[in-house]
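Here is the file structure32.tsv (TSV, C-alpha atoms and all ligand atoms).
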```tsv
chain	number	residue	atom	x	y	z
A	56	MET	CA	38.51	-14.77	18.54
A	57	LEU	CA	40.41	-17.77	17.21
A	58	ARG	CA	40.96	-17.35	13.51
A	59	PRO	CA	40.52	-20.39	11.26
A	60	SER	CA	43.68	-22.18	10.17
A	61	ILE	CA	44.00	-21.90	6.41
A	62	ALA	CA	46.18	-23.85	4.01
A	63	ILE	CA	46.65	-23.20	0.33
A	64	ILE	CA	47.96	-25.96	-1.91
A	65	GLY	CA	49.69	-24.60	-5.02
A	66	ALA	CA	52.09	-21.65	-5.02
A	67	GLY	CA	51.37	-20.57	-8.58
A	68	ALA	CA	49.69	-17.35	-9.67
A	69	ILE	CA	46.39	-17.62	-7.79
A	70	GLY	CA	47.70	-19.47	-4.72
A	71	SER	CA	50.49	-16.93	-4.25
A	72	ILE	CA	48.18	-13.92	-4.44
A	73	LEU	CA	45.70	-15.49	-2.05
A	74	ALA	CA	48.42	-16.53	0.40
A	75	ALA	CA	50.06	-13.12	0.34
A	76	ARG	CA	46.80	-11.22	0.82
A	77	LEU	CA	45.69	-13.49	3.67
A	78	ALA	CA	49.09	-13.34	5.40
A	79	GLN	CA	49.16	-9.54	5.12
A	80	SER	CA	45.83	-9.35	6.90
A	81	GLY	CA	47.12	-11.50	9.77
A	82	ALA	CA	45.39	-14.74	8.85
A	83	ASP	CA	46.71	-18.07	10.11
A	84	VAL	CA	47.79	-19.25	6.68
A	85	ARG	CA	50.40	-21.60	5.25
A	86	LEU	CA	51.25	-22.33	1.67
A	87	VAL	CA	52.10	-25.73	0.24
A	88	ALA	CA	54.72	-25.42	-2.49
A	89	ARG	CA	57.31	-27.65	-4.05
A	90	GLY	CA	60.74	-27.76	-5.63
A	91	ALA	CA	62.57	-24.54	-6.38
A	92	ARG	CA	59.44	-22.48	-5.73
A	93	LEU	CA	59.25	-23.78	-2.14
A	94	ALA	CA	62.90	-22.92	-1.54
A	95	HIS	CA	62.45	-19.45	-3.06
A	96	ILE	CA	59.39	-18.64	-0.95
A	97	GLN	CA	61.06	-19.89	2.24
A	98	GLN	CA	64.12	-17.75	1.55
A	99	HIS	CA	62.70	-14.64	-0.08
A	100	GLY	CA	58.94	-14.61	0.49
A	101	LEU	CA	56.21	-14.00	-2.07
A	102	HIS	CA	56.49	-11.04	-4.43
A	103	ILE	CA	53.16	-9.66	-5.55
A	104	ARG	CA	52.18	-6.63	-7.62
A	105	ASP	CA	48.51	-5.80	-7.77
A	106	LEU	CA	46.30	-2.71	-7.81
A	107	ASP	CA	47.40	-1.92	-4.24
A	108	GLY	CA	51.10	-1.84	-5.16
A	109	GLU	CA	54.11	-4.13	-4.92
A	110	VAL	CA	54.90	-6.12	-1.77
A	111	THR	CA	57.06	-8.93	-0.48
A	112	VAL	CA	55.19	-11.05	2.02
A	113	HIS	CA	56.62	-13.81	4.16
A	114	VAL	CA	54.23	-16.74	4.41
A	115	PRO	CA	55.00	-20.04	6.11
A	116	ALA	CA	55.66	-22.41	3.22
A	117	VAL	CA	55.80	-26.18	3.59
A	118	ALA	CA	56.26	-29.20	1.33
A	119	ALA	CA	53.19	-30.93	2.74
A	120	LEU	CA	50.60	-30.46	5.48
A	121	ASP	CA	51.03	-32.45	8.65
A	122	ALA	CA	47.85	-31.62	10.58
A	123	PRO	CA	44.21	-30.85	9.75
A	124	VAL	CA	43.33	-27.24	8.92
A	125	SER	CA	39.96	-25.48	9.04
A	126	VAL	CA	40.03	-24.40	5.41
A	127	LEU	CA	41.95	-25.96	2.54
A	128	PHE	CA	42.17	-23.97	-0.69
A	129	LEU	CA	43.16	-25.96	-3.76
A	130	CYS	CA	45.03	-23.65	-6.14
A	131	VAL	CA	46.38	-26.15	-8.63
A	132	LYS	CA	45.37	-26.85	-12.22
A	133	GLY	CA	42.40	-29.23	-12.48
A	134	PRO	CA	44.26	-32.40	-13.45
A	135	ALA	CA	46.70	-31.91	-10.53
A	136	ILE	CA	44.01	-31.93	-7.82
A	137	GLU	CA	44.10	-35.63	-7.00
A	138	ALA	CA	47.87	-35.80	-6.49
A	139	ALA	CA	47.84	-32.53	-4.52
A	140	LEU	CA	45.19	-33.92	-2.19
A	141	ARG	CA	46.89	-37.27	-1.78
A	142	ASP	CA	50.16	-35.52	-0.87
A	143	ASN	CA	48.31	-33.54	1.81
A	144	LEU	CA	45.76	-35.93	3.28
A	145	ALA	CA	47.04	-35.10	6.76
A	146	GLY	CA	45.67	-31.58	6.25
A	147	MET	CA	42.12	-32.79	5.83
A	148	GLY	CA	40.11	-33.62	8.94
A	149	PRO	CA	36.37	-34.29	9.28
A	150	ASP	CA	35.69	-30.55	9.78
A	151	THR	CA	37.99	-29.20	7.07
A	152	ARG	CA	36.27	-27.18	4.38
A	153	VAL	CA	37.78	-27.78	0.99
A	154	VAL	CA	37.61	-24.87	-1.45
A	155	PRO	CA	38.78	-25.72	-4.97
A	156	LEU	CA	39.77	-22.49	-6.75
A	157	VAL	CA	39.98	-24.31	-10.04
A	158	ASN	CA	38.59	-23.32	-13.43
A	159	GLY	CA	36.25	-25.48	-15.47
A	160	ILE	CA	33.60	-28.01	-14.45
A	161	PRO	CA	34.32	-28.99	-10.82
A	162	TRP	CA	34.38	-32.69	-9.98
A	163	TRP	CA	31.55	-32.21	-7.47
A	164	PHE	CA	29.27	-30.45	-9.96
A	165	PHE	CA	27.25	-33.39	-11.18
A	166	ASP	CA	26.78	-35.50	-8.12
A	167	ASP	CA	23.23	-35.93	-9.42
A	168	LEU	CA	24.56	-37.54	-12.61
A	169	GLY	CA	24.99	-40.69	-10.63
A	170	HIS	CA	28.57	-40.98	-11.82
A	171	PRO	CA	31.47	-38.54	-11.85
A	172	VAL	CA	32.23	-36.42	-14.92
A	173	ARG	CA	34.86	-38.66	-16.53
A	174	ALA	CA	36.95	-35.78	-17.84
A	175	VAL	CA	37.57	-34.38	-14.37
A	176	ASP	CA	37.31	-37.45	-12.14
A	177	PRO	CA	37.78	-40.47	-14.40
A	178	ASP	CA	37.56	-43.15	-11.73
A	179	GLY	CA	35.74	-41.27	-8.99
A	180	ALA	CA	38.91	-40.83	-6.92
A	181	LEU	CA	38.09	-37.23	-5.99
A	182	PHE	CA	34.61	-38.24	-4.86
A	183	GLU	CA	36.26	-40.78	-2.61
A	184	LEU	CA	38.90	-38.40	-1.28
A	185	VAL	CA	36.72	-35.42	-0.34
A	186	PRO	CA	33.39	-35.93	1.42
A	187	PHE	CA	30.84	-33.98	-0.59
A	188	ASP	CA	29.51	-32.11	2.44
A	189	GLN	CA	32.96	-30.63	3.15
A	190	ILE	CA	33.28	-28.92	-0.23
A	191	VAL	CA	32.58	-25.20	-0.62
A	192	GLY	CA	31.72	-24.17	-4.18
A	193	SER	CA	33.75	-21.35	-5.65
A	194	VAL	CA	34.46	-19.24	-8.71
A	195	THR	CA	37.78	-17.43	-9.09
A	196	MET	CA	37.32	-13.95	-10.47
A	197	MET	CA	40.90	-12.78	-10.10
A	198	THR	CA	43.90	-13.00	-12.39
A	199	GLY	CA	47.60	-13.53	-11.97
A	200	ALA	CA	50.69	-14.15	-14.05
A	201	PHE	CA	54.40	-14.39	-13.22
A	202	ASP	CA	56.62	-11.70	-14.73
A	203	GLU	CA	60.23	-12.33	-15.74
A	204	HIS	CA	61.44	-11.60	-12.16
A	205	GLY	CA	59.12	-14.13	-10.52
A	206	THR	CA	56.70	-11.47	-9.26
A	207	VAL	CA	53.04	-12.43	-9.53
A	208	VAL	CA	51.23	-9.59	-11.26
A	209	SER	CA	47.51	-8.99	-11.06
A	210	THR	CA	45.83	-6.11	-12.85
A	211	ILE	CA	42.20	-6.39	-11.81
A	212	PRO	CA	40.49	-6.19	-8.40
A	213	HIS	CA	40.55	-9.52	-6.55
A	214	LYS	CA	37.16	-11.16	-6.31
A	215	LEU	CA	35.95	-14.61	-5.28
A	216	ALA	CA	32.50	-16.14	-5.28
A	217	LEU	CA	31.90	-18.78	-2.62
A	218	GLY	CA	28.77	-20.71	-1.91
A	219	PRO	CA	27.34	-24.04	-0.85
A	220	THR	CA	27.56	-26.82	-3.43
A	221	THR	CA	23.91	-27.60	-2.72
A	222	LEU	CA	21.29	-25.70	-0.78
A	223	ASN	CA	22.18	-27.85	2.24
A	224	GLY	CA	25.93	-27.72	1.74
A	225	PRO	CA	28.36	-25.96	4.10
A	226	ARG	CA	28.20	-22.20	3.96
A	227	PRO	CA	31.40	-20.19	3.77
A	228	VAL	CA	30.33	-18.17	6.83
A	229	ASP	CA	33.52	-18.18	8.89
A	230	LEU	CA	35.61	-17.68	5.76
A	231	ALA	CA	33.91	-14.46	4.80
A	232	ASP	CA	35.73	-12.33	7.38
A	233	GLU	CA	39.11	-13.73	6.36
A	234	ILE	CA	38.51	-13.14	2.67
A	235	THR	CA	37.23	-9.61	3.04
A	236	ALA	CA	39.95	-8.69	5.55
A	237	ALA	CA	42.43	-9.76	2.87
A	238	GLY	CA	41.04	-7.12	0.50
A	239	ILE	CA	39.30	-9.66	-1.71
A	240	THR	CA	35.73	-8.84	-2.64
A	241	LEU	CA	33.53	-11.76	-1.68
A	242	ASP	CA	30.41	-12.67	-3.58
A	243	ARG	CA	28.61	-14.97	-1.17
A	244	SER	CA	26.11	-16.80	-3.26
A	245	ASP	CA	23.62	-19.47	-2.31
A	246	HIS	CA	23.45	-20.24	-6.03
A	247	ILE	CA	27.01	-20.89	-7.07
A	248	ARG	CA	26.13	-23.15	-10.01
A	249	PRO	CA	25.07	-20.40	-12.46
A	250	LEU	CA	28.29	-18.56	-11.60
A	251	VAL	CA	30.30	-21.72	-12.31
A	252	TRP	CA	28.58	-22.08	-15.70
A	253	GLN	CA	29.15	-18.40	-16.46
A	254	LYS	CA	32.88	-18.66	-15.69
A	255	LEU	CA	33.15	-21.95	-17.58
A	256	ALA	CA	31.63	-20.29	-20.65
A	257	LEU	CA	34.17	-17.47	-20.45
A	258	ASN	CA	37.08	-19.88	-20.07
A	259	LEU	CA	35.83	-22.18	-22.83
A	260	ALA	CA	35.41	-19.25	-25.21
A	261	THR	CA	38.76	-17.62	-24.49
A	262	ASN	CA	41.38	-19.93	-22.93
A	263	PRO	CA	41.87	-22.43	-25.79
A	264	LEU	CA	41.60	-19.67	-28.39
A	265	SER	CA	44.28	-17.66	-26.61
A	266	ALA	CA	46.53	-20.74	-26.37
A	267	LEU	CA	46.06	-21.38	-30.10
A	268	THR	CA	46.56	-17.81	-31.31
A	269	GLY	CA	48.83	-16.35	-28.61
A	270	MET	CA	46.35	-13.50	-28.22
A	271	THR	CA	45.61	-11.60	-25.04
A	272	LEU	CA	41.99	-11.03	-24.06
A	273	GLU	CA	41.91	-7.51	-25.51
A	274	GLN	CA	43.48	-8.77	-28.75
A	275	ILE	CA	40.74	-11.40	-29.07
A	276	ALA	CA	38.14	-8.65	-28.61
A	277	ALA	CA	39.80	-6.44	-31.22
A	278	ASP	CA	40.07	-9.09	-33.94
A	279	PRO	CA	36.65	-9.61	-35.59
A	280	ALA	CA	37.27	-13.16	-36.86
A	281	THR	CA	38.69	-14.37	-33.53
A	282	MET	CA	35.95	-12.61	-31.57
A	283	ALA	CA	33.33	-14.25	-33.80
A	284	ARG	CA	34.84	-17.63	-32.96
A	285	ALA	CA	34.84	-16.86	-29.23
A	286	THR	CA	31.22	-15.70	-29.43
A	287	ALA	CA	30.13	-18.86	-31.27
A	288	ILE	CA	31.72	-20.98	-28.53
A	289	ALA	CA	30.12	-18.88	-25.78
A	290	ILE	CA	26.72	-19.40	-27.44
A	291	GLU	CA	27.35	-23.16	-27.48
A	292	ALA	CA	28.21	-22.98	-23.77
A	293	GLU	CA	24.97	-21.06	-23.10
A	294	THR	CA	22.97	-23.78	-24.89
A	295	LEU	CA	24.79	-26.47	-22.92
A	296	ALA	CA	24.14	-24.73	-19.59
A	297	ALA	CA	20.46	-24.40	-20.51
A	298	ALA	CA	20.32	-28.12	-21.31
A	299	TRP	CA	21.54	-28.74	-17.76
A	300	GLY	CA	18.91	-26.39	-16.32
A	301	CYS	CA	20.90	-23.18	-15.97
A	302	THR	CA	20.34	-19.93	-17.87
A	303	ILE	CA	23.43	-17.85	-18.45
A	304	ASP	CA	23.94	-14.72	-20.50
A	305	ILE	CA	27.53	-14.18	-21.53
A	306	ALA	CA	28.04	-14.12	-25.30
A	307	ARG	CA	26.63	-10.64	-25.89
A	308	HIS	CA	28.61	-9.10	-23.02
A	309	MET	CA	31.87	-10.76	-23.91
A	310	PRO	CA	33.41	-8.25	-26.36
A	311	ALA	CA	33.19	-5.47	-23.77
A	312	GLN	CA	34.33	-7.77	-20.97
A	313	LEU	CA	37.41	-8.93	-22.90
A	314	ALA	CA	38.31	-5.43	-24.01
A	315	LYS	CA	38.11	-4.31	-20.37
A	316	ALA	CA	40.35	-7.20	-19.23
A	317	GLY	CA	43.20	-5.62	-21.22
A	318	ALA	CA	46.46	-7.30	-22.22
A	319	PHE	CA	45.90	-10.35	-20.02
A	320	ARG	CA	47.34	-13.68	-21.11
A	321	THR	CA	44.92	-16.37	-19.99
A	322	SER	CA	46.20	-19.07	-17.65
A	323	MET	CA	46.06	-21.50	-20.58
A	324	LEU	CA	48.16	-19.20	-22.77
A	325	GLN	CA	50.65	-18.90	-19.90
A	326	ASP	CA	50.88	-22.70	-19.80
A	327	ALA	CA	51.24	-22.97	-23.59
A	328	GLU	CA	54.05	-20.41	-23.60
A	329	ALA	CA	55.84	-22.20	-20.77
A	330	GLY	CA	55.48	-25.58	-22.53
A	331	ARG	CA	53.35	-26.92	-19.68
A	332	PRO	CA	50.38	-29.26	-20.18
A	333	LEU	CA	47.13	-27.39	-20.79
A	334	GLU	CA	44.14	-27.51	-18.46
A	335	LEU	CA	41.93	-29.00	-21.17
A	336	ALA	CA	40.13	-31.63	-19.11
A	337	PRO	CA	37.96	-29.40	-16.87
A	338	ILE	CA	37.65	-26.45	-19.29
A	339	CYS	CA	37.08	-28.22	-22.63
A	340	ASP	CA	36.63	-31.98	-22.32
A	341	ALA	CA	34.15	-31.85	-19.43
A	342	PRO	CA	31.66	-29.57	-21.24
A	343	LEU	CA	31.97	-31.71	-24.38
A	344	GLU	CA	31.23	-34.79	-22.30
A	345	LEU	CA	28.20	-33.07	-20.77
A	346	ALA	CA	27.07	-31.98	-24.25
A	347	GLU	CA	27.26	-35.56	-25.47
A	348	ALA	CA	25.21	-36.72	-22.49
A	349	ARG	CA	22.41	-34.28	-23.43
A	350	GLY	CA	22.75	-34.62	-27.23
A	351	ILE	CA	23.84	-30.99	-27.62
A	352	PRO	CA	26.06	-30.31	-30.67
A	353	MET	CA	29.11	-28.12	-29.98
A	354	PRO	CA	30.82	-28.03	-33.41
A	355	GLU	CA	32.73	-24.78	-32.87
A	356	THR	CA	34.14	-25.97	-29.56
A	357	LEU	CA	35.08	-29.36	-30.97
A	358	ALA	CA	36.73	-27.82	-34.05
A	359	LEU	CA	38.82	-25.46	-31.92
A	360	LEU	CA	39.90	-28.18	-29.56
A	361	THR	CA	40.83	-30.48	-32.42
A	362	GLU	CA	42.87	-27.68	-34.00
A	363	LEU	CA	44.55	-26.86	-30.70
A	364	ARG	CA	45.50	-30.48	-30.05
A	365	ALA	CA	46.80	-30.87	-33.60
A	366	THR	CA	48.88	-27.70	-33.20
A	367	LEU	CA	50.32	-28.81	-29.88
A	368	GLY	CA	51.08	-32.21	-31.33
A	369	THR	CA	52.79	-34.60	-29.02
A	370	SER	CA	55.36	-32.11	-27.79
A	371	ALA	CA	52.99	-30.69	-25.17
A	372	PRO	CA	50.99	-33.60	-23.77
A	373	ALA	CA	47.54	-32.47	-22.66
A	374	LEU	CA	46.69	-33.39	-19.11
A	375	SER	CA	43.24	-34.06	-20.42
A	376	GLN	CA	41.87	-37.44	-19.54
A	377	GLY	CA	38.66	-37.05	-21.51
A	378	ALA	CA	37.89	-39.39	-24.37
A	379	LEU	CA	37.87	-36.99	-27.30
B	1	LIG	N1	46.13	-17.44	-13.45
B	1	LIG	C1	44.95	-16.87	-13.58
B	1	LIG	O1	44.83	-15.70	-13.95
B	1	LIG	C2	43.70	-17.60	-13.26
B	1	LIG	C3	43.71	-18.95	-12.94
B	1	LIG	N2	42.53	-19.57	-12.60
B	1	LIG	C4	42.51	-20.98	-12.28
B	1	LIG	O2	43.11	-21.16	-11.00
B	1	LIG	C5	43.70	-22.47	-10.93
B	1	LIG	C6	45.17	-22.28	-10.53
B	1	LIG	O3	45.76	-21.56	-11.60
B	1	LIG	P1	47.17	-20.82	-11.52
B	1	LIG	O4	47.42	-20.31	-10.17
B	1	LIG	O5	47.19	-19.89	-12.66
B	1	LIG	O6	48.13	-22.06	-11.83
B	1	LIG	P2	49.71	-22.13	-11.79
B	1	LIG	O7	50.10	-23.12	-12.82
B	1	LIG	O8	50.29	-20.75	-11.81
B	1	LIG	O9	49.99	-22.72	-10.35
B	1	LIG	C7	49.67	-24.02	-9.99
B	1	LIG	C8	50.63	-24.38	-8.88
B	1	LIG	O10	50.25	-25.64	-8.33
B	1	LIG	C9	51.44	-26.33	-8.01
B	1	LIG	N3	51.17	-27.74	-7.82
B	1	LIG	C10	50.72	-28.65	-8.70
B	1	LIG	N4	50.62	-29.86	-8.12
B	1	LIG	C11	51.02	-29.70	-6.84
B	1	LIG	C12	51.17	-30.58	-5.74
B	1	LIG	N5	50.89	-31.89	-5.83
B	1	LIG	N6	51.64	-30.09	-4.58
B	1	LIG	C13	51.98	-28.78	-4.46
B	1	LIG	N7	51.86	-27.89	-5.47
B	1	LIG	C14	51.39	-28.35	-6.65
B	1	LIG	C15	52.33	-26.04	-9.21
B	1	LIG	O11	53.64	-26.36	-8.92
B	1	LIG	P3	54.69	-26.70	-10.08
B	1	LIG	O12	55.01	-25.37	-10.71
B	1	LIG	O13	55.80	-27.33	-9.35
B	1	LIG	O14	53.98	-27.61	-11.04
B	1	LIG	C16	52.08	-24.55	-9.38
B	1	LIG	O15	52.91	-23.79	-8.54
B	1	LIG	C17	43.53	-23.10	-12.31
B	1	LIG	O16	42.38	-23.90	-12.33
B	1	LIG	C18	43.31	-21.88	-13.23
B	1	LIG	O17	42.58	-22.18	-14.39
B	1	LIG	C19	41.36	-18.88	-12.49
B	1	LIG	C20	41.31	-17.55	-12.78
B	1	LIG	C21	42.44	-16.83	-13.28
B	2	LIG	C1	41.07	-14.57	-16.25
B	2	LIG	C2	40.39	-15.61	-17.06
B	2	LIG	C3	38.91	-15.40	-16.96
B	2	LIG	C4	40.70	-15.45	-18.50
B	2	LIG	O1	39.95	-16.29	-19.31
B	2	LIG	C5	40.77	-16.96	-16.53
B	2	LIG	O2	40.05	-17.52	-15.75
B	2	LIG	C6	42.03	-17.63	-16.93
B	2	LIG	O3	42.94	-16.99	-17.45
B	2	LIG	O4	42.09	-18.86	-16.72
```
Could I get this structure in the form of structure tokens?
Amino acid sequence: MLRPSIAIIGAGAIGSILAARLAQSGADVRLVARGARLAHIQQHGLHIRDLDGEVTVHVPAVAALDAPVSVLFLCVKGPAIEAALRDNLAGMGPDTRVVPLVNGIPWWFFDDLGHPVRAVDPDGALFELVPFDQIVGSVTMMTGAFDEHGTVVSTIPHKLALGPTTLNGPRPVDLADEITAAGITLDRSDHIRPLVWQKLALNLATNPLSALTGMTLEQIAADPATMARATAIAIEAETLAAAWGCTIDIARHMPAQLAKAGAFRTSMLQDAEAGRPLELAPICDAPLELAEARGIPMPETLALLTELRATLGTSAPALSQGAL
């Protein structure tokens, strides 16, 4: 049987793990990378250490796609999506399924708002670029971080949730075999939206706090004052999700969940430590925008974000485009 052609844009933590796992299982996969990372991957391959051990995997790596693929995974930070897509328009044909493995509120999430969420798609460019019926909804439930040798390290089992963006949207049917063959547990859900809200709540409650304090997830769980702050934000996220018609239950499970995650530095803490812009637009600004639209107060979230931005000052420009 002909296997689907898969491309992954973004050779960071998540893109590298996904590319390596898919390539190891014999998938027809290529990875779009840039700069020194592209040269390194072309010369030395991808180095991954996860629960199955340490491997070097050679994956075809290119600077840009030159022909349509069946499945296009976006593994870049939220604010980089538009440029990544524009650089790779040749990879997107009328049958390409686009799977954004990106934290926060996805740009396609509120098509029923009548206008895009400004924080994630300020002028509707993403709506224009990707036909809605080609998008597969997703939630990334895996972790990755580069160690000092350039190896991507992951310490939890790899898991992805994929599902149609709407009940009529494309189903990730032909992707399921590829994902599971790659040793990634697949949660195939016809109701991806509650999972997106659930993950958003976790990221909102932990990512900015970790970037502000430098704490790992288990350190947040172990520090009563910080955990209380995370819980208050998770409760605000629950109220927000409910205002948009979705019941989620995360705050009371969070201490145990964070303790179990161990010494993981969130992707936002990794960015803060590397002096990179933070992914504030989809994870923080978008929920605040949605809260404003429904008249939901989120004082704890707003206070944290204000403190984080003040701490970062102008030396680390946020990629956020939201009007905070
Ligand atoms: N890391 C984690 O544990 C988790 C991350 N996530 C989410 O997954 C998404 C990806 O995160 P992560 O892998 O950590 O991010 P990284 O910052 O590690 O990787 C992003 C990669 O995208 C590349 N990139 C950006 N723009 C382009 C472009 N135009 N063309 C080609 N490559 C491009 C970057 O290249 P360059 O370095 O040159 O900028 C970088 O290699 C984010 O939304 C994150 O929140 C979700 C769960 C866990
Ligand atoms: C692993 C997790 C859930 C931590 O908040 C994450 O998504 C991230 O680091 O961005």
> Near stretch 291-306 of chain A, counting all atoms listed in the file, which residues have an atom at most 7 Å away, once you skip same-chain residues fewer than 2 positions from it, shown as a ChimeraX atom specification?
Replying inline: /A:249,252-253,256,286-289,308-309,346,349,351,353
Selection above as a file: C-alpha atoms, as a short mmCIF file (atom, residue, chain, number, x, y, z; two decimals), in the frame of the given file:
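Generated file (part.cif):
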```cif
data_model
loop_
_atom_site.label_atom_id
_atom_site.label_comp_id
_atom_site.auth_asym_id
_atom_site.auth_seq_id
_atom_site.Cartn_x
_atom_site.Cartn_y
_atom_site.Cartn_z
CA PRO A 249 25.07 -20.40 -12.46
CA TRP A 252 28.58 -22.08 -15.70
CA GLN A 253 29.15 -18.40 -16.46
CA ALA A 256 31.63 -20.29 -20.65
CA THR A 286 31.22 -15.70 -29.43
CA ALA A 287 30.13 -18.86 -31.27
CA ILE A 288 31.72 -20.98 -28.53
CA ALA A 289 30.12 -18.88 -25.78
CA HIS A 308 28.61 -9.10 -23.02
CA MET A 309 31.87 -10.76 -23.91
CA ALA A 346 27.07 -31.98 -24.25
CA ARG A 349 22.41 -34.28 -23.43
CA ILE A 351 23.84 -30.99 -27.62
CA MET A 353 29.11 -28.12 -29.98
#
```
> In Å, how far is it from atom CA of A:Val126 to atom CA of A:Ala336?
Replying inline: 25.6 Å
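Those protein and nucleic acid residues that have any atom within 9 Å of ligand LIG 2 (chain B) are, using all atoms listed in the file, Val157, Asn158, Gly159, Thr195, Met196, Met197, Thr198, Gly199, Ala200, Lys254, Leu255, Leu257, Asn258, Leu259, Ala260, Thr261, Asn262, Ser265, Leu272, Leu313, Ala316, Phe319, Arg320, Thr321, Ser322, Met323, Leu324 and Gln325 of chain A.
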Around all the atoms of ligand LIG 1 (chain B) listed in the file, draw an axis-aligned box and extend it by 3 Å on each of the six sides; I want its centre and edge lengths in Å to one decimal, as lines of an AutoDock Vina configuration file.
```
center_x = 48.6
center_y = -23.8
center_z = -9.4
size_x = 20.5
size_y = 22.2
size_z = 15.9
```
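What separates atom CA of A:Ile72 from atom O10 of ligand LIG 1 (chain B) is a distance of 12.5 Å.
If you measure from each of A:Cys339, A:Ala94, A:Ala237, A:Leu106 to A:Leu363 using all atoms listed in the file, the closest one turns out to be A:Cys339.
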>> Between atom CA of A:Arg248 and atom O2 of ligand LIG 1 (chain B), what distance in Å does the model show, to one decimal?
In response: 17.1 Å
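Considering the residues A:His102, A:Arg89, A:Ala82, A:Thr356 and counting all atoms listed in the file, A:Val208 has its shortest atom-to-atom contact with A:His102.
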>> Give me, as a count of residues only, all polymer residues having an atom no more than 12 Å from A:Gly146, counting all atoms listed in the file and skipping those fewer than 3 positions away in the same chain.
In response: 32
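Nearest residue to ligand LIG 1 (chain B) among A:Val114, A:Ile275, A:Leu333, A:Leu57 is A:Leu333, counting all atoms listed in the file.
Comparing A:Ala236, A:Val112, A:Leu357, A:Leu156 by their smallest distance to ligand LIG 1 (chain B), the closest is A:Leu156 (using only C-alpha atoms and all ligand atoms).
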>> Could you list, as a ChimeraX atom specification, every residue within 12 Å of A:Ala348, counting only C-alpha atoms and ignoring same-chain residues fewer than 2 positions away?
In response: /A:165,168,170,172-173,295,298-299,341-346,350-352
> From the set A:Ala318, A:Ile69, A:Ala145, A:Ala91, which residue has the shortest atom-to-atom contact distance to ligand LIG 1 (chain B), counting all atoms listed in the file?
Replying inline: A:Ile69
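Distances to ligand LIG 1 (chain B) were evaluated for A:Thr111, A:Gln98, A:Thr235, A:Thr271 using all atoms listed in the file, and the minimum falls at A:Thr271.
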> Which polymer residues have any atom within 7 Å of an atom of A:Gly192, counting all atoms listed in the file, with same-chain residues fewer than 2 positions away left out, as a PyMOL selection string?
Replying inline: chain A and resi 154+190+217-220+247
Stretch 284-296 of chain A from the block above: N, CA and C atoms written as a short mmCIF file (atom, residue, chain, number, x, y, z; two decimals), in the first residue's frame:
```cif
data_model
loop_
_atom_site.label_atom_id
_atom_site.label_comp_id
_atom_site.auth_asym_id
_atom_site.auth_seq_id
_atom_site.Cartn_x
_atom_site.Cartn_y
_atom_site.Cartn_z
N ARG A 284 -1.07 29.91 42.64
CA ARG A 284 -1.21 30.82 41.50
C ARG A 284 -1.61 30.05 40.23
N ALA A 285 -0.95 28.92 40.02
CA ALA A 285 -1.26 28.09 38.85
C ALA A 285 -2.71 27.61 38.91
N THR A 286 -3.14 27.22 40.11
CA THR A 286 -4.51 26.71 40.26
C THR A 286 -5.52 27.82 39.98
N ALA A 287 -5.24 29.02 40.49
CA ALA A 287 -6.17 30.14 40.26
C ALA A 287 -6.31 30.41 38.76
N ILE A 288 -5.21 30.32 38.04
CA ILE A 288 -5.26 30.56 36.59
C ILE A 288 -6.01 29.42 35.89
N ALA A 289 -5.78 28.20 36.34
CA ALA A 289 -6.50 27.06 35.73
C ALA A 289 -8.01 27.21 35.96
N ILE A 290 -8.39 27.71 37.14
CA ILE A 290 -9.83 27.90 37.41
C ILE A 290 -10.39 28.99 36.48
N GLU A 291 -9.61 30.04 36.26
CA GLU A 291 -10.06 31.07 35.31
C GLU A 291 -10.23 30.48 33.91
N ALA A 292 -9.30 29.60 33.52
CA ALA A 292 -9.40 28.96 32.20
C ALA A 292 -10.64 28.07 32.12
N GLU A 293 -10.95 27.38 33.23
CA GLU A 293 -12.16 26.54 33.24
C GLU A 293 -13.41 27.40 33.04
N THR A 294 -13.44 28.55 33.72
CA THR A 294 -14.61 29.44 33.60
C THR A 294 -14.71 29.97 32.16
N LEU A 295 -13.57 30.29 31.59
CA LEU A 295 -13.56 30.78 30.20
C LEU A 295 -14.07 29.71 29.24
N ALA A 296 -13.56 28.49 29.40
CA ALA A 296 -13.99 27.40 28.51
C ALA A 296 -15.51 27.20 28.64
#
```
